[in-house]
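Visitor: One file: protein-v1.pdb (PDB, C-alpha atoms).
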```pdb
MODEL        1
ATOM      1  CA  MET V  25     111.998  99.203  67.059
ATOM      2  CA  SER V  26     108.873  97.432  68.306
ATOM      3  CA  THR V  27     105.546  98.278  69.935
ATOM      4  CA  THR V  28     103.617  97.057  72.979
ATOM      5  CA  ARG V  29      99.828  97.409  73.162
ATOM      6  CA  VAL V  30      97.890  96.817  76.390
ATOM      7  CA  THR V  31      94.239  97.385  77.331
ATOM      8  CA  ARG V  32      92.642  97.387  80.758
ATOM      9  CA  HIS V  33      89.122  97.922  82.063
ATOM     10  CA  LEU V  34      88.950  99.995  85.238
ATOM     11  CA  ARG V  35      85.914 100.299  87.492
ATOM     12  CA  ALA V  36      86.466 104.015  87.992
ATOM     13  CA  PRO V  37      85.426 107.190  86.146
ATOM     14  CA  ARG V  38      87.757 108.661  83.514
ATOM     15  CA  GLU V  39      88.416 111.743  85.640
ATOM     16  CA  ARG V  40      89.850 109.653  88.464
ATOM     17  CA  VAL V  41      91.994 107.548  86.133
ATOM     18  CA  TYR V  42      93.308 110.639  84.328
ATOM     19  CA  ARG V  43      94.338 112.229  87.626
ATOM     20  CA  ALA V  44      96.270 109.084  88.560
ATOM     21  CA  LEU V  45      98.241 109.352  85.302
ATOM     22  CA  LEU V  46      99.502 112.829  86.212
ATOM     23  CA  ASP V  47      99.856 112.778  89.996
ATOM     24  CA  ARG V  48     103.343 112.255  91.415
ATOM     25  CA  ASN V  49     102.218 110.281  94.482
ATOM     26  CA  ALA V  50      99.922 108.095  92.414
ATOM     27  CA  ILE V  51     102.663 107.383  89.870
ATOM     28  CA  ALA V  52     105.008 106.267  92.651
ATOM     29  CA  ARG V  53     102.417 103.759  93.836
ATOM     30  CA  TRP V  54     101.119 102.202  90.628
ATOM     31  CA  ARG V  55     103.611 102.696  87.794
ATOM     32  CA  VAL V  56     106.021  99.983  88.900
ATOM     33  CA  PRO V  57     106.029  96.236  88.092
ATOM     34  CA  ASN V  58     105.936  93.593  90.800
ATOM     35  CA  GLY V  59     109.302  92.937  92.390
ATOM     36  CA  MET V  60     110.527  96.493  91.938
ATOM     37  CA  THR V  61     110.476  99.692  94.008
ATOM     38  CA  SER V  62     109.775 103.107  92.490
ATOM     39  CA  HIS V  63     111.540 106.368  93.282
ATOM     40  CA  VAL V  64     110.170 109.502  91.624
ATOM     41  CA  HIS V  65     113.062 111.968  91.439
ATOM     42  CA  SER V  66     111.019 114.728  89.804
ATOM     43  CA  PHE V  67     107.563 114.986  88.260
ATOM     44  CA  ASP V  68     105.683 117.878  86.651
ATOM     45  CA  GLY V  69     102.335 116.579  85.395
ATOM     46  CA  ARG V  70     101.613 119.423  82.980
ATOM     47  CA  LEU V  71     101.901 119.862  79.223
ATOM     48  CA  GLY V  72     105.627 120.233  78.580
ATOM     49  CA  GLY V  73     106.373 119.057  82.115
ATOM     50  CA  THR V  74     109.243 116.652  82.630
ATOM     51  CA  PHE V  75     109.780 113.695  84.938
ATOM     52  CA  ARG V  76     112.544 111.330  86.045
ATOM     53  CA  ILE V  77     111.842 107.976  87.695
ATOM     54  CA  SER V  78     113.948 105.030  88.869
ATOM     55  CA  LEU V  79     112.680 101.466  89.254
ATOM     56  CA  THR V  80     114.933  99.193  91.330
ATOM     57  CA  TYR V  81     114.705  95.422  91.573
ATOM     58  CA  ASP V  82     113.931  94.226  95.101
ATOM     59  CA  GLY V  83     116.112  91.123  94.745
ATOM     60  CA  ALA V  84     119.430  90.304  93.111
ATOM     61  CA  ALA V  85     117.868  88.455  90.168
ATOM     62  CA  GLY V  86     116.934  91.512  88.088
ATOM     63  CA  VAL V  87     119.343  93.197  85.663
ATOM     64  CA  GLY V  88     118.969  96.962  85.422
ATOM     65  CA  LYS V  89     119.253  99.110  82.324
ATOM     66  CA  THR V  90     120.943 102.044  84.078
ATOM     67  CA  THR V  91     122.863 100.435  86.928
ATOM     68  CA  ALA V  92     123.206  96.825  88.059
ATOM     69  CA  GLN V  93     119.644  96.654  89.453
ATOM     70  CA  THR V  94     117.990  99.935  88.472
ATOM     71  CA  ASP V  95     116.122 101.244  85.416
ATOM     72  CA  THR V  96     116.071 105.051  85.332
ATOM     73  CA  PHE V  97     114.046 106.836  82.665
ATOM     74  CA  CYS V  98     113.136 110.437  81.972
ATOM     75  CA  GLY V  99     110.452 111.980  79.838
ATOM     76  CA  VAL V 100     108.212 114.878  78.887
ATOM     77  CA  PHE V 101     104.442 115.244  78.453
ATOM     78  CA  VAL V 102     103.896 116.198  74.790
ATOM     79  CA  GLU V 103     100.096 115.941  74.615
ATOM     80  CA  LEU V 104      97.412 116.156  77.289
ATOM     81  CA  VAL V 105      93.691 115.993  76.560
ATOM     82  CA  PRO V 106      91.912 116.262  79.922
ATOM     83  CA  ASN V 107      90.248 112.991  80.923
ATOM     84  CA  GLU V 108      90.968 111.482  77.474
ATOM     85  CA  ARG V 109      94.637 111.196  76.493
ATOM     86  CA  VAL V 110      98.183 111.380  77.865
ATOM     87  CA  VAL V 111     101.182 111.191  75.518
ATOM     88  CA  GLU V 112     104.762 110.987  76.810
ATOM     89  CA  GLU V 113     108.142 110.866  75.122
ATOM     90  CA  ILE V 114     110.505 108.813  77.293
ATOM     91  CA  GLU V 115     113.960 107.246  77.176
ATOM     92  CA  PHE V 116     116.200 105.224  79.429
ATOM     93  CA  GLU V 117     119.324 106.637  81.009
ATOM     94  CA  THR V 118     121.799 104.015  79.823
ATOM     95  CA  ALA V 119     125.181 103.505  78.214
ATOM     96  CA  ASN V 120     123.975 100.390  76.389
ATOM     97  CA  PRO V 121     123.335 101.264  72.707
ATOM     98  CA  SER V 122     120.705  98.518  72.413
ATOM     99  CA  LEU V 123     118.604 100.277  75.084
ATOM    100  CA  CYS V 124     118.966 103.830  73.763
ATOM    101  CA  GLY V 125     116.368 105.774  71.834
ATOM    102  CA  GLN V 126     113.250 107.843  72.323
ATOM    103  CA  MET V 127     110.018 105.970  72.986
ATOM    104  CA  THR V 128     106.446 107.256  72.866
ATOM    105  CA  LEU V 129     103.771 106.174  75.315
ATOM    106  CA  THR V 130     100.160 107.002  74.438
ATOM    107  CA  ILE V 131      97.355 106.277  76.894
ATOM    108  CA  ASP V 132      93.761 106.819  75.755
ATOM    109  CA  LEU V 133      90.742 106.682  78.050
ATOM    110  CA  ALA V 134      87.165 105.930  76.990
ATOM    111  CA  ASP V 135      83.895 105.590  78.858
ATOM    112  CA  ALA V 136      82.810 101.991  79.415
ATOM    113  CA  ALA V 137      79.217 100.790  79.399
ATOM    114  CA  ASP V 138      79.279 100.032  83.139
ATOM    115  CA  GLY V 139      80.305 103.566  84.051
ATOM    116  CA  GLY V 140      83.978 102.674  84.319
ATOM    117  CA  THR V 141      86.872 103.378  81.975
ATOM    118  CA  ASP V 142      88.567 101.443  79.195
ATOM    119  CA  LEU V 143      92.282 102.232  79.042
ATOM    120  CA  PHE V 144      94.309 101.709  75.855
ATOM    121  CA  ALA V 145      98.102 101.996  76.124
ATOM    122  CA  VAL V 146     100.506 101.965  73.165
ATOM    123  CA  HIS V 147     104.245 101.931  73.904
ATOM    124  CA  ASP V 148     106.018 102.741  70.613
ATOM    125  CA  GLY V 149     109.682 102.738  69.690
ATOM    126  CA  LEU V 150     110.976 100.069  72.061
ATOM    127  CA  PRO V 151     114.741  99.793  71.524
ATOM    128  CA  PRO V 152     116.060  96.399  70.351
ATOM    129  CA  GLY V 153     117.394  95.561  73.823
ATOM    130  CA  VAL V 154     113.912  95.659  75.372
ATOM    131  CA  SER V 155     111.814  92.514  75.078
ATOM    132  CA  PRO V 156     108.263  93.406  73.960
ATOM    133  CA  ALA V 157     106.919  90.435  75.938
ATOM    134  CA  ASP V 158     108.685  91.543  79.123
ATOM    135  CA  ASN V 159     107.546  95.114  78.550
ATOM    136  CA  GLU V 160     103.935  93.974  78.152
ATOM    137  CA  THR V 161     104.155  91.901  81.340
ATOM    138  CA  GLY V 162     105.523  94.879  83.247
ATOM    139  CA  TRP V 163     102.732  97.113  81.983
ATOM    140  CA  ARG V 164     100.058  94.595  82.917
ATOM    141  CA  MET V 165     101.479  94.381  86.449
ATOM    142  CA  ALA V 166     101.508  98.161  86.713
ATOM    143  CA  LEU V 167      97.946  98.470  85.417
ATOM    144  CA  ASP V 168      96.808  95.937  88.027
ATOM    145  CA  LYS V 169      98.180  98.357  90.623
ATOM    146  CA  LEU V 170      96.490 101.275  88.878
ATOM    147  CA  ALA V 171      93.193  99.383  89.154
ATOM    148  CA  ALA V 172      93.756  98.796  92.875
ATOM    149  CA  PHE V 173      94.486 102.501  93.272
ATOM    150  CA  VAL V 174      91.539 104.021  91.390
ATOM    151  CA  GLU V 175      88.706 101.525  91.478
ATOM    152  CA  LEU V 176      85.652 102.339  93.517
ATOM    153  CA  ARG V 177      85.335 100.563  96.840
ATOM    154  CA  PRO V 178      82.821 100.820  99.630
ATOM    155  CA  PRO V 179      84.258 103.350 102.034
ATOM    156  CA  ALA V 180      86.029 101.704 104.937
ATOM    157  CA  ALA V 181      84.068 101.862 108.109
ATOM    158  CA  ALA V 182      85.638 104.141 110.652
ATOM    159  CA  ALA V 183      87.392 102.105 113.287
ATOM    160  CA  PRO V 184      85.504 102.171 116.562
ATOM    161  CA  PHE V 185      87.429 104.129 119.146
ATOM    162  CA  ALA V 186      89.619 101.701 121.104
ATOM    163  CA  ARG V 187      89.110 103.001 124.621
ATOM    164  CA  PRO V 188      92.301 102.887 126.729
ATOM    165  CA  SER V 189      92.330 100.359 129.539
ATOM    166  CA  LEU V 190      93.386 101.216 133.091
ATOM    167  CA  VAL V 191      96.873  99.918 132.268
ATOM    168  CA  ASP V 192      96.959 102.086 129.131
ATOM    169  CA  ARG V 193      95.970 105.168 131.138
ATOM    170  CA  LEU V 194      98.643 104.498 133.751
ATOM    171  CA  PHE V 195     101.257 103.959 131.034
ATOM    172  CA  ASN V 196     100.255 107.181 129.258
ATOM    173  CA  SER V 197     100.433 109.106 132.519
ATOM    174  CA  VAL V 198     103.925 107.833 133.340
ATOM    175  CA  MET V 199     105.236 108.170 129.775
ATOM    176  CA  GLY V 200     103.735 111.639 129.420
ATOM    177  CA  ALA V 201     105.524 112.740 132.591
ATOM    178  CA  LEU V 202     108.846 111.319 131.374
ATOM    179  CA  VAL V 203     108.594 112.845 127.890
ATOM    180  CA  GLY V 204     107.491 116.117 129.463
ATOM    181  CA  VAL V 205     110.858 116.402 131.213
ATOM    182  CA  GLY V 206     112.799 115.230 128.150
ATOM    183  CA  ILE V 207     113.176 111.522 129.005
ATOM    184  CA  GLY V 208     111.964 108.596 126.928
ATOM    185  CA  PRO V 209     112.087 107.541 123.268
ATOM    186  CA  SER V 210     113.279 110.352 121.005
ATOM    187  CA  HIS V 211     110.261 110.060 118.698
ATOM    188  CA  MET V 212     107.738 110.699 121.477
ATOM    189  CA  ARG V 213     106.134 114.043 122.254
ATOM    190  CA  VAL V 214     103.465 115.264 124.625
ATOM    191  CA  LEU V 215     100.559 116.508 122.533
ATOM    192  CA  GLU V 216      98.525 119.394 123.958
ATOM    193  CA  VAL V 217      95.196 120.417 122.481
ATOM    194  CA  ARG V 218      92.373 122.617 123.748
ATOM    195  CA  GLY V 219      88.990 120.993 124.263
ATOM    196  CA  ARG V 220      86.463 122.041 121.630
ATOM    197  CA  ARG V 221      83.731 122.563 124.240
ATOM    198  CA  SER V 222      85.395 123.006 127.621
ATOM    199  CA  GLY V 223      88.410 125.030 126.518
ATOM    200  CA  THR V 224      90.512 122.917 128.883
ATOM    201  CA  THR V 225      93.945 121.860 127.599
ATOM    202  CA  TYR V 226      94.324 118.091 127.362
ATOM    203  CA  SER V 227      97.619 116.252 126.922
ATOM    204  CA  LEU V 228      98.835 112.752 126.054
ATOM    205  CA  PRO V 229     102.022 111.127 124.715
ATOM    206  CA  VAL V 230     102.124 110.520 120.954
ATOM    207  CA  ASP V 231     104.489 108.958 118.407
ATOM    208  CA  LEU V 232     105.760 111.592 115.969
ATOM    209  CA  LEU V 233     106.424 110.196 112.481
ATOM    210  CA  ILE V 234     109.063 111.904 110.351
ATOM    211  CA  GLN V 235     108.746 110.941 106.696
ATOM    212  CA  ALA V 236     110.737 112.657 103.911
ATOM    213  CA  GLU V 237     111.374 115.609 106.270
ATOM    214  CA  ALA V 238     107.637 116.077 106.869
ATOM    215  CA  LEU V 239     105.949 115.502 110.254
ATOM    216  CA  PHE V 240     102.850 113.376 110.752
ATOM    217  CA  LEU V 241     100.520 112.243 113.524
ATOM    218  CA  VAL V 242      98.383 109.114 113.222
ATOM    219  CA  ALA V 243      95.546 108.099 115.549
ATOM    220  CA  PRO V 244      95.861 104.295 115.834
ATOM    221  CA  ARG V 245      92.854 104.052 118.169
ATOM    222  CA  GLY V 246      90.548 105.771 115.677
ATOM    223  CA  ARG V 247      88.592 108.968 116.337
ATOM    224  CA  ALA V 248      89.790 109.605 119.865
ATOM    225  CA  GLN V 249      88.847 112.769 121.734
ATOM    226  CA  TRP V 250      92.190 114.377 120.926
ATOM    227  CA  VAL V 251      91.435 113.858 117.225
ATOM    228  CA  ARG V 252      88.044 115.547 117.501
ATOM    229  CA  ASN V 253      89.546 118.425 119.455
ATOM    230  CA  ALA V 254      92.444 118.804 117.022
ATOM    231  CA  GLU V 255      90.063 118.823 114.049
ATOM    232  CA  ALA V 256      88.032 121.563 115.714
ATOM    233  CA  GLN V 257      91.013 123.715 116.759
ATOM    234  CA  ARG V 258      93.134 123.047 113.637
ATOM    235  CA  GLU V 259      96.297 123.282 115.703
ATOM    236  CA  VAL V 260      98.167 121.446 118.455
ATOM    237  CA  THR V 261     101.285 121.923 120.562
ATOM    238  CA  LEU V 262     103.978 119.266 120.852
ATOM    239  CA  ARG V 263     106.204 119.368 123.912
ATOM    240  CA  ARG V 264     109.363 117.550 124.912
ATOM    241  CA  GLY V 265     111.379 118.799 127.857
ATOM    242  CA  LYS V 266     111.717 122.574 127.535
ATOM    243  CA  GLN V 267     110.862 122.566 123.842
ATOM    244  CA  ARG V 268     107.312 123.546 122.871
ATOM    245  CA  ILE V 269     106.277 123.947 119.222
ATOM    246  CA  ARG V 270     102.853 124.887 117.888
ATOM    247  CA  TYR V 271     101.700 123.246 114.667
ATOM    248  CA  ARG V 272      98.911 123.854 112.207
ATOM    249  CA  LEU V 273      97.192 120.625 111.103
ATOM    250  CA  ARG V 274      96.429 119.436 107.591
ATOM    251  CA  THR V 275      94.076 116.459 107.537
ATOM    252  CA  LEU V 276      95.289 113.785 105.120
ATOM    253  CA  SER V 277      92.845 112.463 102.545
ATOM    254  CA  ASP V 278      92.306 108.711 102.358
ATOM    255  CA  SER V 279      94.300 108.597  99.100
ATOM    256  CA  GLU V 280      97.313 110.116 100.888
ATOM    257  CA  LYS V 281      97.219 107.872 103.940
ATOM    258  CA  PRO V 282      98.447 104.403 102.795
ATOM    259  CA  PRO V 283     102.209 105.189 102.622
ATOM    260  CA  ILE V 284     101.971 107.141 105.884
ATOM    261  CA  LEU V 285     100.081 104.359 107.670
ATOM    262  CA  LYS V 286     102.619 101.818 106.420
ATOM    263  CA  ALA V 287     105.557 103.932 107.595
ATOM    264  CA  TYR V 288     103.836 104.506 110.952
ATOM    265  CA  LEU V 289     103.145 100.812 111.575
ATOM    266  CA  ASP V 290     106.603  99.750 110.391
ATOM    267  CA  ARG V 291     108.312 102.347 112.586
ATOM    268  CA  PHE V 292     106.228 101.917 115.762
ATOM    269  CA  ARG V 293     105.128  98.294 115.467
ATOM    270  CA  ARG V 294     105.817  97.467 119.115
ATOM    271  CA  GLU V 295     103.456 100.164 120.331
ATOM    272  CA  VAL V 296     100.684 100.071 117.716
ATOM    273  CA  GLN V 297     100.591  96.659 116.010
ATOM    274  CA  ARG V 298      97.597  95.636 118.148
ATOM    275  CA  PHE V 299      95.479  98.396 116.551
ATOM    276  CA  PHE V 300      96.013  97.208 112.939
ATOM    277  CA  PRO V 301      94.471  94.127 111.273
ATOM    278  CA  ILE V 302      97.571  93.636 109.057
ATOM    279  CA  ARG V 303     101.162  93.041 110.079
ATOM    280  CA  ALA V 304     104.020  95.530 110.022
ATOM    281  CA  GLY V 305     105.966  95.105 106.796
ATOM    282  CA  SER V 306     102.832  94.557 104.700
ATOM    283  CA  PRO V 307     102.892  96.141 101.207
ATOM    284  CA  VAL V 308     101.424  99.604 100.888
ATOM    285  CA  GLU V 309      98.518  98.290  98.774
ATOM    286  CA  GLU V 310      97.129  96.480 101.829
ATOM    287  CA  PHE V 311      96.683  99.797 103.628
ATOM    288  CA  ILE V 312      94.399 101.261 100.935
ATOM    289  CA  PRO V 313      91.137  99.714 102.239
ATOM    290  CA  LEU V 314      92.121 100.675 105.809
ATOM    291  CA  ALA V 315      92.702 104.361 105.134
ATOM    292  CA  GLY V 316      89.273 105.504 106.316
ATOM    293  CA  ARG V 317      89.770 103.917 109.739
ATOM    294  CA  TYR V 318      92.714 105.970 110.957
ATOM    295  CA  PRO V 319      92.779 109.784 111.172
ATOM    296  CA  ALA V 320      96.143 111.199 110.124
ATOM    297  CA  PHE V 321      97.549 114.718 109.987
ATOM    298  CA  GLU V 322     100.531 116.539 108.544
ATOM    299  CA  LEU V 323     102.043 119.066 110.959
ATOM    300  CA  MET V 324     103.277 122.487 109.817
ATOM    301  CA  PRO V 325     105.096 124.714 112.360
ATOM    302  CA  ILE V 326     103.411 127.987 113.235
ATOM    303  CA  PRO V 327     105.978 130.830 113.189
TER     304      PRO V 327
ENDMDL
END
```
How does the structure come out when it is put into structure tokens?

Guide:
Amino acid sequence: MSTTRVTRHLRAPRERVYRALLDRNAIARWRVPNGMTSHVHSFDGRLGGTFRISLTYDGAAGVGKTTAQTDTFCGVFVELVPNERVVEEIEFETANPSLCGQMTLTIDLADAADGGTDLFAVHDGLPPGVSPADNETGWRMALDKLAAFVELRPPAAAAPFARPSLVDRLFNSVMGALVGVGIGPSHMRVLEVRGRRSGTTYSLPVDLLIQAEALFLVAPRGRAQWVRNAEAQREVTLRRGKQRIRYRLRTLSDSEKPPILKAYLDRFRREVQRFFPIRAGSPVEEFIPLAGRYPAFELMPIP
């Protein structure tokens, strides 16, 4: 059995770093080396809570510990000291005896002189089939992503509202009429929202994003009037043909937006690429500094 030790300075307060060690969405974004994709099957970030995560190589070159290209590991949180320490007991799901055995991961956080955080990670009990050098490299890659996730940045300036041109208005009018009678792309809906001052109901066609069975709206033009009205009313109606469904809105925080913005741009690139400064297919990390520019909402049906 061997041990890997890694340190990293983070320009973020301990509280923020600690939260990222125990948040399922954060773990999915940072705790994965370059060249791999993370899938968090389950995650309970509490003392005694368990988790199960798979890391899959993006190309054919990698050799997985669980399947041909995937490392799956499970674990339990055995010690939590708020904003100071996280201790996990983890092991790989594998039939290879050289990769079996319980490992212990201890992460300690300390205040740094510049107001940031010094992170100290000790990965004990590496089985003989795991290279300590490779394990250290993987951890350093992951901690680079943790830094990108938690470090303080100047807030992104809100994107100026991209006012629709005459052609845009004509297109929206025609597309709204088609979607309103049930014709047009299946992802499109007519959004209806009441004006926050006039009380008049306004409508426009929108792209409805379905992600992991949840529904989302993104405003690619920035803080359009429909966004301001929706924020004030806290609900909207989506219509397609004879179907009308009312939804309550939950405004996404900037930390929640990057995977949604990526999915939105990748899915609707033909319609919305012109509103984004990065290309469809860009890694999710490139959406982090853009999060403040684009309002986004999760939709929850109103019974």

Visitor: May I have the protein, DNA and RNA residues with any atom at most 8 Å from the point (97.2, 113.5, 124.8), counting all atoms listed in the file, written as number ranges by chain?

Guide: V: 214-217, 226-230, 250

Visitor: Here's the selection I'm unsure about, the PyMOL selection byres ((chain V and resi 312) around 10); applied to the file above, which residues does it give, as a PyMOL selection string?

Guide: chain V and resi 172-173+177+180+278-283+285-286+307-311+313-316

Visitor: Ranking V:Val191, V:Arg291, V:Val198, V:Pro209 by minimum distance to Gln235 in chain V and counting all atoms listed in the file, which one comes first?

Guide: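 Nearest candidate to Gln235 in chain V out of V:Val191, V:Arg291, V:Val198, V:Pro209: V:Arg291.
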
Visitor: Check which residues satisfy the PyMOL selection byres ((chain V and resi 299) around 12) in the file shown, then give them as a list in words.

Guide: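 When the PyMOL selection byres ((chain V and resi 299) around 12) is applied to the shown file, the picked residues are Ala183, Pro184, Phe185, Ala186, Arg187, Pro188, Val242, Ala243, Pro244, Arg245, Gly246, Leu285, Tyr288, Leu289, Phe292, Arg293, Arg294, Glu295, Val296, Gln297, Arg298, Phe300, Pro301, Ile302, Arg303, Ala304, Leu314, Arg317 and Tyr318 of chain V.
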
Visitor: Which residues are near Trp163 in chain V? Cut-off 9 Å, only C-alpha atoms, ignore same chain within fewer than 4 positions. Put them as JSON, numbers by chain.

Guide: {"V": [30, 55, 56, 57, 145, 158, 159, 167, 168]}

Visitor: Using Å and a single decimal, report how far CA of Arg38 in chain V sits from CA of Leu133 in chain V.

Guide: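 Taking CA of Leu133 in chain V as the start and CA of Arg38 in chain V as the end point, the length is 6.5 Å.
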
Visitor: Just so the selection is clear, what residues does the PyMOL selection byres ((chain V and resi 71) around 9) cover here, as a VMD selection string?

Guide: chain V and resid 68 to 70 72 to 74 100 to 104

Visitor: Using all atoms listed in the file for the distances, tell me which of V:Val174, V:Ala92, V:Ala238, V:Leu276 is nearest to Ala36 in chain V.

Guide: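 Closest candidate: V:Val174.
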
Visitor: Would you list the contacts of Phe97 in chain V as a ChimeraX atom specification, taking every protein, DNA or RNA residue within 9 Å and counting all atoms listed in the file, but skipping same-chain residues closer than 6 positions in sequence?

Guide: /V:75-79,90,114-118

Visitor: How far is it from CA of Asp95 in chain V to CA of Thr161 in chain V, in Å with one decimal?

Guide: 15.7 Å

Visitor: How many Å separate CA of Ala256 in chain V from CA of Ile284 in chain V?

Guide: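 Taking CA of Ala256 in chain V and CA of Ile284 in chain V, their separation equals 22.3 Å.
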
Visitor: Nearest to His147 in chain V among V:Gln257, V:Ser66, V:Met25, V:Asp192, with distances taken over all atoms listed in the file: which residue is it?

Guide: V:Met25

Visitor: With distances taken over all atoms listed in the file, which residue among V:Pro327, V:Pro151, V:Gly99, V:Gly305 lies nearest Pro121 in chain V?

Guide: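 The closest residue to Pro121 in chain V is V:Pro151.
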
Visitor: Show me, as a PyMOL selection string, the residues that have an atom within 9 Å of Thr130 in chain V when counting all atoms listed in the file, minus same-chain residues fewer than 6 positions from it.

Guide: chain V and resi 103+109-113+144-148

Visitor: When distances are computed from only C-alpha atoms, which of V:Gly140, V:Thr96, V:Val41, V:Leu241 shows the smallest separation from Val64 in chain V?

Guide: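 Nearest candidate to Val64 in chain V out of V:Gly140, V:Thr96, V:Val41, V:Leu241: V:Thr96.
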
Visitor: Could you tell me which of V:Arg48, V:His63, V:Arg258, V:Lys169 comes closest to Tyr271 in chain V if we count only C-alpha atoms?

Guide: V:Arg258

Visitor: Pull the neighbourhood of (109.9, 95.1, 94.9) for me: all residues within 8 Å in file coordinates, counting all atoms listed in the file, as a PyMOL selection string.

Guide: chain V and resi 57-61+80-83

Visitor: Adding 4 Å on each side of the box along x, y and z that holds all listed atoms of range 49-54 of chain V, could you give its centre and edge lengths in Å to one decimal, as JSON?

Guide:
```
{"center_x": 102.5, "center_y": 106.2, "center_z": 92.2, "size_x": 13.1, "size_y": 16.1, "size_z": 12.6}
```
